Each structure stands twice: as C-alpha cells, then as structure tokens.
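Visitor: My structure file final-v3.txt, compact mmCIF, N, CA and C atoms, is below:
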# COMPACT_ATOMS: atom_id res chain seq x y z
N MET A 1 13.53 -28.93 -8.11
CA MET A 1 12.24 -28.35 -7.76
C MET A 1 11.71 -27.54 -8.94
N THR A 2 10.45 -27.70 -9.21
CA THR A 2 9.79 -26.97 -10.28
C THR A 2 9.09 -25.75 -9.69
N PHE A 3 9.18 -24.62 -10.40
CA PHE A 3 8.40 -23.48 -9.94
C PHE A 3 7.75 -22.75 -11.09
N ILE A 4 6.59 -22.17 -10.78
CA ILE A 4 5.79 -21.41 -11.74
C ILE A 4 6.00 -19.95 -11.41
N ASP A 5 6.40 -19.17 -12.39
CA ASP A 5 6.70 -17.75 -12.20
C ASP A 5 5.46 -16.92 -12.49
N LYS A 6 4.94 -16.21 -11.48
CA LYS A 6 3.73 -15.41 -11.65
C LYS A 6 3.91 -14.03 -11.05
N LEU A 7 3.06 -13.13 -11.52
CA LEU A 7 2.99 -11.77 -11.00
C LEU A 7 1.69 -11.64 -10.23
N ALA A 8 1.71 -10.81 -9.19
CA ALA A 8 0.49 -10.62 -8.39
C ALA A 8 0.34 -9.16 -8.03
N TRP A 9 -0.94 -8.75 -7.91
CA TRP A 9 -1.29 -7.39 -7.52
C TRP A 9 -1.76 -7.42 -6.08
N ILE A 10 -1.11 -6.64 -5.25
CA ILE A 10 -1.51 -6.47 -3.85
C ILE A 10 -2.33 -5.19 -3.79
N CYS A 11 -3.64 -5.36 -3.68
CA CYS A 11 -4.56 -4.23 -3.63
C CYS A 11 -5.13 -4.16 -2.21
N LEU A 12 -4.78 -3.10 -1.50
CA LEU A 12 -5.18 -2.94 -0.10
C LEU A 12 -6.24 -1.85 0.05
N LYS A 13 -7.20 -2.12 0.95
CA LYS A 13 -8.24 -1.15 1.25
C LYS A 13 -8.76 -1.43 2.66
N GLU A 14 -8.72 -0.41 3.49
CA GLU A 14 -9.24 -0.51 4.86
C GLU A 14 -8.69 -1.73 5.59
N LYS A 15 -7.36 -1.93 5.48
CA LYS A 15 -6.64 -3.00 6.17
C LYS A 15 -7.07 -4.40 5.72
N LYS A 16 -7.54 -4.50 4.45
CA LYS A 16 -7.86 -5.79 3.83
C LYS A 16 -7.18 -5.84 2.47
N VAL A 17 -7.01 -7.06 1.96
CA VAL A 17 -6.37 -7.25 0.65
C VAL A 17 -7.38 -7.92 -0.28
N LEU A 18 -7.33 -7.53 -1.55
CA LEU A 18 -8.24 -8.09 -2.54
C LEU A 18 -7.81 -9.50 -2.92
N GLY A 19 -8.76 -10.43 -2.84
CA GLY A 19 -8.53 -11.80 -3.27
C GLY A 19 -9.46 -12.13 -4.42
N ALA A 20 -9.05 -13.08 -5.26
CA ALA A 20 -9.85 -13.51 -6.39
C ALA A 20 -10.00 -15.03 -6.34
N ARG A 21 -11.16 -15.51 -6.79
CA ARG A 21 -11.40 -16.95 -6.85
C ARG A 21 -11.84 -17.30 -8.27
N SER A 22 -11.14 -18.24 -8.88
CA SER A 22 -11.47 -18.68 -10.24
C SER A 22 -12.68 -19.59 -10.22
N GLN A 23 -13.35 -19.68 -11.37
CA GLN A 23 -14.49 -20.57 -11.51
C GLN A 23 -14.08 -22.00 -11.20
N GLY A 24 -14.88 -22.67 -10.38
CA GLY A 24 -14.60 -24.06 -10.04
C GLY A 24 -13.55 -24.26 -8.98
N ARG A 25 -12.97 -23.20 -8.46
CA ARG A 25 -11.95 -23.30 -7.41
C ARG A 25 -12.58 -23.05 -6.05
N ASP A 26 -11.92 -23.54 -5.01
CA ASP A 26 -12.46 -23.40 -3.67
C ASP A 26 -11.66 -22.46 -2.78
N VAL A 27 -10.61 -21.86 -3.32
CA VAL A 27 -9.77 -20.95 -2.52
C VAL A 27 -9.54 -19.63 -3.26
N TYR A 28 -9.21 -18.62 -2.47
CA TYR A 28 -8.87 -17.31 -3.02
C TYR A 28 -7.35 -17.23 -3.22
N TYR A 29 -6.96 -16.44 -4.18
CA TYR A 29 -5.55 -16.20 -4.45
C TYR A 29 -5.39 -14.73 -4.79
N LEU A 30 -4.14 -14.31 -4.95
CA LEU A 30 -3.87 -12.93 -5.35
C LEU A 30 -4.11 -12.78 -6.84
N PRO A 31 -4.80 -11.72 -7.27
CA PRO A 31 -5.01 -11.52 -8.70
C PRO A 31 -3.69 -11.30 -9.43
N GLY A 32 -3.63 -11.77 -10.64
CA GLY A 32 -2.42 -11.62 -11.46
C GLY A 32 -2.29 -12.80 -12.40
N GLY A 33 -1.08 -13.09 -12.83
CA GLY A 33 -0.89 -14.21 -13.73
C GLY A 33 0.51 -14.25 -14.31
N LYS A 34 0.65 -15.00 -15.40
CA LYS A 34 1.95 -15.22 -16.03
C LYS A 34 2.21 -14.19 -17.13
N ARG A 35 3.49 -13.96 -17.37
CA ARG A 35 3.91 -13.11 -18.48
C ARG A 35 3.68 -13.84 -19.81
N GLU A 36 3.35 -13.09 -20.83
CA GLU A 36 3.36 -13.62 -22.19
C GLU A 36 4.70 -13.27 -22.80
N LEU A 37 5.05 -13.96 -23.86
CA LEU A 37 6.34 -13.76 -24.51
C LEU A 37 6.59 -12.28 -24.80
N GLY A 38 7.72 -11.77 -24.35
CA GLY A 38 8.10 -10.40 -24.62
C GLY A 38 7.59 -9.36 -23.63
N GLU A 39 6.72 -9.76 -22.71
CA GLU A 39 6.18 -8.80 -21.74
C GLU A 39 7.12 -8.62 -20.56
N ASN A 40 7.19 -7.38 -20.07
CA ASN A 40 7.88 -7.15 -18.81
C ASN A 40 6.85 -7.28 -17.68
N ASP A 41 7.30 -7.15 -16.44
CA ASP A 41 6.40 -7.32 -15.29
C ASP A 41 5.20 -6.38 -15.37
N HIS A 42 5.46 -5.11 -15.62
CA HIS A 42 4.36 -4.13 -15.63
C HIS A 42 3.35 -4.42 -16.73
N GLU A 43 3.83 -4.70 -17.93
CA GLU A 43 2.92 -4.98 -19.05
C GLU A 43 2.05 -6.21 -18.76
N ALA A 44 2.68 -7.26 -18.25
CA ALA A 44 1.95 -8.50 -17.96
C ALA A 44 0.93 -8.29 -16.85
N LEU A 45 1.32 -7.60 -15.78
CA LEU A 45 0.40 -7.40 -14.67
C LEU A 45 -0.77 -6.52 -15.08
N ILE A 46 -0.51 -5.46 -15.82
CA ILE A 46 -1.58 -4.59 -16.30
C ILE A 46 -2.57 -5.38 -17.15
N ARG A 47 -2.06 -6.21 -18.07
CA ARG A 47 -2.92 -7.03 -18.93
C ARG A 47 -3.74 -8.02 -18.11
N GLU A 48 -3.08 -8.74 -17.22
CA GLU A 48 -3.77 -9.75 -16.41
C GLU A 48 -4.87 -9.14 -15.54
N ILE A 49 -4.59 -8.01 -14.91
CA ILE A 49 -5.58 -7.39 -14.02
C ILE A 49 -6.75 -6.85 -14.84
N GLN A 50 -6.46 -6.31 -16.01
CA GLN A 50 -7.55 -5.83 -16.86
C GLN A 50 -8.44 -7.01 -17.30
N GLU A 51 -7.82 -8.15 -17.64
CA GLU A 51 -8.59 -9.33 -18.05
C GLU A 51 -9.41 -9.89 -16.89
N GLU A 52 -8.81 -9.97 -15.69
CA GLU A 52 -9.45 -10.63 -14.55
C GLU A 52 -10.44 -9.74 -13.79
N LEU A 53 -10.11 -8.44 -13.69
CA LEU A 53 -10.87 -7.57 -12.79
C LEU A 53 -11.46 -6.34 -13.46
N SER A 54 -11.25 -6.20 -14.76
CA SER A 54 -11.84 -5.11 -15.57
C SER A 54 -11.41 -3.71 -15.15
N VAL A 55 -10.23 -3.59 -14.54
CA VAL A 55 -9.69 -2.27 -14.20
C VAL A 55 -8.32 -2.11 -14.84
N PHE A 56 -7.90 -0.86 -14.97
CA PHE A 56 -6.61 -0.54 -15.58
C PHE A 56 -5.64 -0.09 -14.49
N LEU A 57 -4.54 -0.83 -14.34
CA LEU A 57 -3.50 -0.42 -13.39
C LEU A 57 -2.71 0.74 -13.99
N LYS A 58 -2.47 1.75 -13.19
CA LYS A 58 -1.70 2.92 -13.65
C LYS A 58 -0.21 2.59 -13.56
N PRO A 59 0.46 2.45 -14.72
CA PRO A 59 1.84 1.96 -14.73
C PRO A 59 2.80 2.79 -13.87
N GLU A 60 2.60 4.10 -13.83
CA GLU A 60 3.52 4.96 -13.09
C GLU A 60 3.42 4.76 -11.57
N THR A 61 2.37 4.06 -11.10
CA THR A 61 2.20 3.83 -9.66
C THR A 61 2.63 2.44 -9.22
N LEU A 62 2.97 1.56 -10.16
CA LEU A 62 3.33 0.19 -9.79
C LEU A 62 4.65 0.17 -9.02
N LYS A 63 4.62 -0.55 -7.90
CA LYS A 63 5.80 -0.61 -7.03
C LYS A 63 5.97 -2.04 -6.53
N LEU A 64 7.17 -2.59 -6.71
CA LEU A 64 7.48 -3.93 -6.21
C LEU A 64 7.39 -3.89 -4.69
N ILE A 65 6.62 -4.82 -4.12
CA ILE A 65 6.45 -4.85 -2.67
C ILE A 65 7.08 -6.08 -2.03
N HIS A 66 7.04 -7.23 -2.74
CA HIS A 66 7.54 -8.46 -2.12
C HIS A 66 7.64 -9.55 -3.19
N VAL A 67 8.58 -10.48 -2.99
CA VAL A 67 8.70 -11.69 -3.82
C VAL A 67 8.69 -12.87 -2.87
N MET A 68 7.84 -13.86 -3.16
CA MET A 68 7.73 -15.00 -2.27
C MET A 68 7.45 -16.27 -3.06
N ARG A 69 7.69 -17.41 -2.40
CA ARG A 69 7.41 -18.73 -3.00
C ARG A 69 6.60 -19.57 -2.04
N GLY A 70 5.78 -20.46 -2.61
CA GLY A 70 5.02 -21.41 -1.82
C GLY A 70 4.50 -22.52 -2.71
N GLN A 71 3.94 -23.55 -2.09
CA GLN A 71 3.36 -24.67 -2.83
C GLN A 71 2.26 -24.17 -3.75
N ALA A 72 2.30 -24.59 -5.01
CA ALA A 72 1.27 -24.21 -5.99
C ALA A 72 -0.01 -24.99 -5.70
N HIS A 73 -1.12 -24.27 -5.56
CA HIS A 73 -2.40 -24.89 -5.25
C HIS A 73 -2.85 -25.83 -6.36
N GLY A 74 -3.22 -27.04 -5.99
CA GLY A 74 -3.73 -28.01 -6.95
C GLY A 74 -2.65 -28.69 -7.79
N LYS A 75 -1.39 -28.45 -7.46
CA LYS A 75 -0.29 -29.07 -8.20
C LYS A 75 0.39 -30.12 -7.32
N ALA A 76 1.21 -30.96 -7.94
CA ALA A 76 1.92 -32.01 -7.21
C ALA A 76 2.82 -31.40 -6.13
N PRO A 77 3.02 -32.12 -5.02
CA PRO A 77 3.93 -31.63 -3.98
C PRO A 77 5.29 -31.28 -4.58
N GLY A 78 5.85 -30.18 -4.15
CA GLY A 78 7.15 -29.74 -4.65
C GLY A 78 7.05 -28.75 -5.80
N VAL A 79 5.87 -28.63 -6.42
CA VAL A 79 5.71 -27.61 -7.47
C VAL A 79 5.41 -26.29 -6.75
N GLN A 80 6.32 -25.38 -6.88
CA GLN A 80 6.23 -24.10 -6.19
C GLN A 80 5.78 -23.01 -7.15
N VAL A 81 5.12 -22.00 -6.60
CA VAL A 81 4.81 -20.80 -7.37
C VAL A 81 5.62 -19.67 -6.77
N GLN A 82 6.27 -18.91 -7.63
CA GLN A 82 6.97 -17.70 -7.19
C GLN A 82 6.10 -16.52 -7.57
N LEU A 83 5.74 -15.72 -6.59
CA LEU A 83 4.92 -14.53 -6.83
C LEU A 83 5.77 -13.28 -6.68
N THR A 84 5.85 -12.51 -7.74
CA THR A 84 6.47 -11.19 -7.70
C THR A 84 5.32 -10.22 -7.55
N CYS A 85 5.24 -9.57 -6.39
CA CYS A 85 4.06 -8.83 -5.99
C CYS A 85 4.27 -7.32 -6.08
N TYR A 86 3.29 -6.66 -6.68
CA TYR A 86 3.30 -5.21 -6.87
C TYR A 86 2.06 -4.59 -6.25
N THR A 87 2.21 -3.37 -5.77
CA THR A 87 1.06 -2.54 -5.43
C THR A 87 0.91 -1.53 -6.57
N GLY A 88 -0.24 -0.89 -6.63
CA GLY A 88 -0.44 0.14 -7.64
C GLY A 88 -1.87 0.61 -7.67
N ASP A 89 -2.05 1.84 -8.10
CA ASP A 89 -3.38 2.43 -8.22
C ASP A 89 -4.06 1.94 -9.50
N TRP A 90 -5.38 2.05 -9.51
CA TRP A 90 -6.14 1.60 -10.66
C TRP A 90 -7.22 2.60 -11.02
N ALA A 91 -7.72 2.44 -12.24
CA ALA A 91 -8.85 3.24 -12.72
C ALA A 91 -9.93 2.27 -13.17
N GLY A 92 -11.18 2.61 -12.86
CA GLY A 92 -12.31 1.76 -13.23
C GLY A 92 -12.97 1.16 -12.01
N GLU A 93 -13.93 0.28 -12.27
CA GLU A 93 -14.67 -0.37 -11.19
C GLU A 93 -14.33 -1.85 -11.16
N LEU A 94 -13.88 -2.32 -10.01
CA LEU A 94 -13.51 -3.72 -9.85
C LEU A 94 -14.72 -4.63 -9.99
N HIS A 95 -14.62 -5.60 -10.88
CA HIS A 95 -15.60 -6.68 -10.92
C HIS A 95 -14.98 -7.88 -11.63
N PRO A 96 -15.38 -9.09 -11.22
CA PRO A 96 -14.79 -10.30 -11.78
C PRO A 96 -15.06 -10.42 -13.28
N SER A 97 -14.08 -10.93 -14.00
CA SER A 97 -14.17 -11.08 -15.44
C SER A 97 -13.38 -12.33 -15.84
N ALA A 98 -13.51 -12.73 -17.08
CA ALA A 98 -12.80 -13.91 -17.62
C ALA A 98 -13.05 -15.11 -16.72
N GLU A 99 -11.96 -15.73 -16.23
CA GLU A 99 -12.11 -16.96 -15.41
C GLU A 99 -12.41 -16.68 -13.95
N ILE A 100 -12.46 -15.42 -13.56
CA ILE A 100 -12.69 -15.07 -12.15
C ILE A 100 -14.18 -15.11 -11.84
N GLU A 101 -14.54 -15.90 -10.82
CA GLU A 101 -15.93 -16.04 -10.42
C GLU A 101 -16.30 -15.06 -9.31
N ALA A 102 -15.32 -14.76 -8.42
CA ALA A 102 -15.61 -13.90 -7.28
C ALA A 102 -14.37 -13.14 -6.84
N ILE A 103 -14.60 -11.95 -6.31
CA ILE A 103 -13.54 -11.20 -5.65
C ILE A 103 -14.05 -10.83 -4.26
N GLU A 104 -13.11 -10.68 -3.33
CA GLU A 104 -13.50 -10.36 -1.96
C GLU A 104 -12.35 -9.66 -1.25
N TRP A 105 -12.69 -8.72 -0.38
CA TRP A 105 -11.70 -8.06 0.47
C TRP A 105 -11.47 -8.97 1.66
N LEU A 106 -10.23 -9.44 1.84
CA LEU A 106 -9.91 -10.45 2.83
C LEU A 106 -9.02 -9.89 3.94
N SER A 107 -9.27 -10.39 5.15
CA SER A 107 -8.42 -10.05 6.30
C SER A 107 -7.63 -11.30 6.69
N PHE A 108 -6.79 -11.15 7.69
CA PHE A 108 -6.00 -12.28 8.17
C PHE A 108 -6.90 -13.42 8.64
N GLN A 109 -8.06 -13.10 9.16
CA GLN A 109 -8.99 -14.11 9.65
C GLN A 109 -9.54 -15.00 8.52
N ASP A 110 -9.39 -14.58 7.27
CA ASP A 110 -9.85 -15.36 6.11
C ASP A 110 -8.79 -16.33 5.59
N ARG A 111 -7.70 -16.45 6.31
CA ARG A 111 -6.54 -17.22 5.88
C ARG A 111 -6.90 -18.64 5.42
N SER A 112 -7.80 -19.32 6.14
CA SER A 112 -8.14 -20.72 5.82
C SER A 112 -8.87 -20.85 4.49
N ARG A 113 -9.37 -19.75 3.95
CA ARG A 113 -10.10 -19.76 2.68
C ARG A 113 -9.19 -19.48 1.48
N CYS A 114 -7.88 -19.43 1.73
CA CYS A 114 -6.92 -18.98 0.71
C CYS A 114 -5.92 -20.07 0.34
N SER A 115 -5.34 -19.92 -0.86
CA SER A 115 -4.27 -20.82 -1.31
C SER A 115 -3.07 -20.67 -0.37
N GLU A 116 -2.17 -21.64 -0.42
CA GLU A 116 -0.99 -21.59 0.46
C GLU A 116 -0.17 -20.33 0.21
N THR A 117 0.02 -19.96 -1.05
CA THR A 117 0.82 -18.76 -1.32
C THR A 117 0.11 -17.51 -0.82
N MET A 118 -1.21 -17.47 -0.94
CA MET A 118 -1.96 -16.33 -0.40
C MET A 118 -1.85 -16.30 1.12
N GLN A 119 -1.84 -17.47 1.76
CA GLN A 119 -1.66 -17.52 3.21
C GLN A 119 -0.31 -16.94 3.62
N ILE A 120 0.73 -17.30 2.87
CA ILE A 120 2.07 -16.76 3.14
C ILE A 120 2.05 -15.25 3.00
N MET A 121 1.37 -14.74 1.95
CA MET A 121 1.30 -13.31 1.75
C MET A 121 0.48 -12.64 2.86
N LEU A 122 -0.61 -13.27 3.29
CA LEU A 122 -1.39 -12.71 4.41
C LEU A 122 -0.53 -12.61 5.66
N ASP A 123 0.28 -13.62 5.92
CA ASP A 123 1.20 -13.57 7.06
C ASP A 123 2.14 -12.37 6.94
N TRP A 124 2.72 -12.20 5.76
CA TRP A 124 3.66 -11.11 5.53
C TRP A 124 2.97 -9.75 5.68
N LEU A 125 1.78 -9.61 5.07
CA LEU A 125 1.03 -8.35 5.18
C LEU A 125 0.67 -8.04 6.64
N LYS A 126 0.30 -9.08 7.40
CA LYS A 126 -0.02 -8.88 8.82
C LYS A 126 1.22 -8.43 9.59
N ASN A 127 2.36 -9.08 9.32
CA ASN A 127 3.61 -8.69 9.99
C ASN A 127 4.03 -7.26 9.64
N GLN A 128 3.68 -6.80 8.44
CA GLN A 128 4.00 -5.44 8.01
C GLN A 128 2.95 -4.44 8.51
N LYS A 129 1.92 -4.96 9.20
CA LYS A 129 0.81 -4.15 9.72
C LYS A 129 -0.01 -3.47 8.61
N LEU A 130 -0.08 -4.16 7.45
CA LEU A 130 -0.83 -3.64 6.31
C LEU A 130 -2.27 -4.16 6.27
N ILE A 131 -2.51 -5.29 6.97
CA ILE A 131 -3.88 -5.84 7.09
C ILE A 131 -4.15 -6.16 8.55
N ASP A 132 -5.45 -6.31 8.88
CA ASP A 132 -5.84 -6.73 10.24
C ASP A 132 -6.09 -8.22 10.27
Could I get this structure in the form of structure tokens?
Guide:
Amino acid sequence: MTFIDKLAWICLKEKKVLGARSQGRDVYYLPGGKRELGENDHEALIREIQEELSVFLKPETLKLIHVMRGQAHGKAPGVQVQLTCYTGDWAGELHPSAEIEAIEWLSFQDRSRCSETMQIMLDWLKNQKLID
C-alpha cells in the first residue's frame, strides 16, 4: 500500500472546523501539506499554513491532536494519505492564498462536500464533541 505523509491544521471555531478548497477542486480538505527536506512537523505546518492561508501559526501553541489515514482524493484506489493533525493558535487574518481558492467553516452536515480523509476527521471531531 502506498501512502502520502501530510500534516494538517485543525482550526476550530464555534463548533466548526476550517476547510480549504484548492483551485479546480470540488471538495474541501484540511489545510496543511507535506514536509520539505529537513523540516520537522512544526516548521512544515507553519510554512504550509502561511502559504495557504496567510496566517502565522504560533509554534508554542501547536499540539498533536490526532493521526489518521484514508483514501487520497483523486488518486488511484489504495493510495492512502496519512494526516498528522495539530491544533494551534494563529496571528493574522485568514484568507485563501497560493493554490487555495476558498476557505469555509464546516460542520458535520458539510461532510458530503469534503474529501474522504476530511470526512474521517469530521467523524472523529463529532465523536469528540468538538464540532456540531
């Protein structure tokens, strides 16, 4: 089995989670991305979120919340994505940047508009009573 190793930011507000949609894509996913050579989780996540959402994650607030796997959206069956998910505070104003076309605060009811891995995370967040 092939898997893609990614980091994700779980940003919660008023019992909703922040989702991002890339240009030309039809589903929302968790903001984040892959590590570059030599980066640790925090460095990579801070860089990715700054590139995608124009905000700075405060490193001292980053906390591992969950690690999960699911089918990678738009990839061949069996290609899995592993998401190492962190929460953390940020500074700045959220707005889409780089390849991100839209961001939205999503609830469990938005599940059908999300990638499979985001759906798995929505299930987990709902079970933890972190989203409605």
Visitor: For a quick check of understanding, using only C-alpha atoms, which of A:Ser107, A:Gln128, A:Thr87, A:Ser22 has the smallest distance to Trp9 of chain A?
Guide: A:Thr87
Visitor: Which residues, written as an NGL selection string, have at least one atom at most 6.5 Å from Glu101 of chain A, with all atoms listed in the file counted and residues fewer than 6 positions away on the same chain left out?
Guide: :A and (20-23)
Visitor: Any idea what's packed within 8 Å of Pro59 of chain A, counting all atoms listed in the file, ignoring anything in its chain fewer than 4 positions away? Could you give it as a PyMOL selection string?
Guide: chain A and resi 42-43+46+63+88-90
Visitor: Residues of segment 2-131 of chain A classed as strand (DSSP E or B) by DSSP on the backbone are to be reported as a PyMOL selection string.
Guide: chain A and resi 2-9+12-13+16-22+28-29+32-33+56-57+63-71+79-87+90-91+100-106+114
Visitor: At a cut-off of 5 Å, using all atoms listed in the file, what residues contact Trp105 of chain A? Leave out same-chain residues fewer than 5 positions from it and give the result as a ChimeraX atom specification.
Guide: /A:17-19
Visitor: Taking (-11.0, -3.3, -9.1) in the file's coordinates as the center, which residues reach within 10 Å of it, counting only C-alpha atoms, put as an NGL selection string?
Guide: :A and (11 or 18 or 49-50 or 52-57 or 89-96 or 103)
Visitor: Let me see the file: selected residues, N, CA and C atoms, as a tab-separated table (two decimals), in the frame of the given file.
Guide:
chain	number	residue	atom	x	y	z
A	11	CYS	N	-3.64	-5.36	-3.68
A	11	CYS	CA	-4.56	-4.23	-3.63
A	11	CYS	C	-5.13	-4.16	-2.21
A	18	LEU	N	-7.33	-7.53	-1.55
A	18	LEU	CA	-8.24	-8.09	-2.54
A	18	LEU	C	-7.81	-9.50	-2.92
A	49	ILE	N	-4.59	-8.01	-14.91
A	49	ILE	CA	-5.58	-7.39	-14.02
A	49	ILE	C	-6.75	-6.85	-14.84
A	50	GLN	N	-6.46	-6.31	-16.01
A	50	GLN	CA	-7.55	-5.83	-16.86
A	50	GLN	C	-8.44	-7.01	-17.30
A	52	GLU	N	-8.81	-9.97	-15.69
A	52	GLU	CA	-9.45	-10.63	-14.55
A	52	GLU	C	-10.44	-9.74	-13.79
A	53	LEU	N	-10.11	-8.44	-13.69
A	53	LEU	CA	-10.87	-7.57	-12.79
A	53	LEU	C	-11.46	-6.34	-13.46
A	54	SER	N	-11.25	-6.20	-14.76
A	54	SER	CA	-11.84	-5.11	-15.57
A	54	SER	C	-11.41	-3.71	-15.15
A	55	VAL	N	-10.23	-3.59	-14.54
A	55	VAL	CA	-9.69	-2.27	-14.20
A	55	VAL	C	-8.32	-2.11	-14.84
A	56	PHE	N	-7.90	-0.86	-14.97
A	56	PHE	CA	-6.61	-0.54	-15.58
A	56	PHE	C	-5.64	-0.09	-14.49
A	57	LEU	N	-4.54	-0.83	-14.34
A	57	LEU	CA	-3.50	-0.42	-13.39
A	57	LEU	C	-2.71	0.74	-13.99
A	89	ASP	N	-2.05	1.84	-8.10
A	89	ASP	CA	-3.38	2.43	-8.22
A	89	ASP	C	-4.06	1.94	-9.50
A	90	TRP	N	-5.38	2.05	-9.51
A	90	TRP	CA	-6.14	1.60	-10.66
A	90	TRP	C	-7.22	2.60	-11.02
A	91	ALA	N	-7.72	2.44	-12.24
A	91	ALA	CA	-8.85	3.24	-12.72
A	91	ALA	C	-9.93	2.27	-13.17
A	92	GLY	N	-11.18	2.61	-12.86
A	92	GLY	CA	-12.31	1.76	-13.23
A	92	GLY	C	-12.97	1.16	-12.01
A	93	GLU	N	-13.93	0.28	-12.27
A	93	GLU	CA	-14.67	-0.37	-11.19
A	93	GLU	C	-14.33	-1.85	-11.16
A	94	LEU	N	-13.88	-2.32	-10.01
A	94	LEU	CA	-13.51	-3.72	-9.85
A	94	LEU	C	-14.72	-4.63	-9.99
A	95	HIS	N	-14.62	-5.60	-10.88
A	95	HIS	CA	-15.60	-6.68	-10.92
A	95	HIS	C	-14.98	-7.88	-11.63
A	96	PRO	N	-15.38	-9.09	-11.22
A	96	PRO	CA	-14.79	-10.30	-11.78
A	96	PRO	C	-15.06	-10.42	-13.28
A	103	ILE	N	-14.60	-11.95	-6.31
A	103	ILE	CA	-13.54	-11.20	-5.65
A	103	ILE	C	-14.05	-10.83	-4.26
Visitor: Let me have the centre and edge lengths in Å, one decimal, of the box along x, y and z around every listed atom of segment 35-47 of chain A with 8 Å of margin on each side, as JSON.
Guide:
{"center_x": 2.2, "center_y": -9.0, "center_z": -19.7, "size_x": 27.8, "size_y": 25.8, "size_z": 26.1}
Visitor: Taking (0.5, -23.4, -10.0) as a centre in this file's frame and 7 Å as the limit, can you find every polymer residue with an atom that close, using all atoms listed in the file, and give them as JSON, numbers by chain?
Guide: {"A": [4, 71, 72, 73, 74, 75, 79, 80, 81]}
Visitor: List every residue of chain A that DSSP, applied to the backbone of this structure, assigns to alpha helix (DSSP H), and report them as a list in words.
Guide: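 Going through chain A, the alpha helix (DSSP H) residues come out as Asp41, His42, Glu43, Ala44, Leu45, Ile46, Arg47, Glu48, Ile49, Gln50, Glu51, Glu52, Leu53, Glu116, Thr117, Met118, Gln119, Ile120, Met121, Leu122, Asp123, Trp124, Leu125, Lys126 and Asn127 of chain A.
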Visitor: Output requested as a CSV table (one decimal), in the frame of the given file - segment 90-102 of chain A, filled out with N, CA, C and O atoms.
Guide:
chain,number,residue,atom,x,y,z
A,90,TRP,N,-5.4,2.0,-9.5
A,90,TRP,CA,-6.1,1.6,-10.7
A,90,TRP,C,-7.2,2.6,-11.0
A,90,TRP,O,-7.6,3.4,-10.2
A,91,ALA,N,-7.7,2.4,-12.2
A,91,ALA,CA,-8.8,3.2,-12.7
A,91,ALA,C,-9.9,2.3,-13.2
A,91,ALA,O,-9.6,1.2,-13.8
A,92,GLY,N,-11.2,2.6,-12.9
A,92,GLY,CA,-12.3,1.8,-13.2
A,92,GLY,C,-13.0,1.2,-12.0
A,92,GLY,O,-12.6,1.5,-10.9
A,93,GLU,N,-13.9,0.3,-12.3
A,93,GLU,CA,-14.7,-0.4,-11.2
A,93,GLU,C,-14.3,-1.8,-11.2
A,93,GLU,O,-14.5,-2.6,-12.2
A,94,LEU,N,-13.9,-2.3,-10.0
A,94,LEU,CA,-13.5,-3.7,-9.8
A,94,LEU,C,-14.7,-4.6,-10.0
A,94,LEU,O,-15.7,-4.4,-9.3
A,95,HIS,N,-14.6,-5.6,-10.9
A,95,HIS,CA,-15.6,-6.7,-10.9
A,95,HIS,C,-15.0,-7.9,-11.6
A,95,HIS,O,-14.2,-7.7,-12.5
A,96,PRO,N,-15.4,-9.1,-11.2
A,96,PRO,CA,-14.8,-10.3,-11.8
A,96,PRO,C,-15.1,-10.4,-13.3
A,96,PRO,O,-16.1,-10.1,-13.7
A,97,SER,N,-14.1,-10.9,-14.0
A,97,SER,CA,-14.2,-11.1,-15.4
A,97,SER,C,-13.4,-12.3,-15.8
A,97,SER,O,-12.7,-12.9,-15.0
A,98,ALA,N,-13.5,-12.7,-17.1
A,98,ALA,CA,-12.8,-13.9,-17.6
A,98,ALA,C,-13.0,-15.1,-16.7
A,98,ALA,O,-14.2,-15.4,-16.4
A,99,GLU,N,-12.0,-15.7,-16.2
A,99,GLU,CA,-12.1,-17.0,-15.4
A,99,GLU,C,-12.4,-16.7,-14.0
A,99,GLU,O,-12.6,-17.6,-13.2
A,100,ILE,N,-12.5,-15.4,-13.6
A,100,ILE,CA,-12.7,-15.1,-12.2
A,100,ILE,C,-14.2,-15.1,-11.8
A,100,ILE,O,-15.0,-14.5,-12.5
A,101,GLU,N,-14.5,-15.9,-10.8
A,101,GLU,CA,-15.9,-16.0,-10.4
A,101,GLU,C,-16.3,-15.1,-9.3
A,101,GLU,O,-17.4,-14.6,-9.2
A,102,ALA,N,-15.3,-14.8,-8.4
A,102,ALA,CA,-15.6,-13.9,-7.3
A,102,ALA,C,-14.4,-13.1,-6.8
A,102,ALA,O,-13.2,-13.6,-7.0
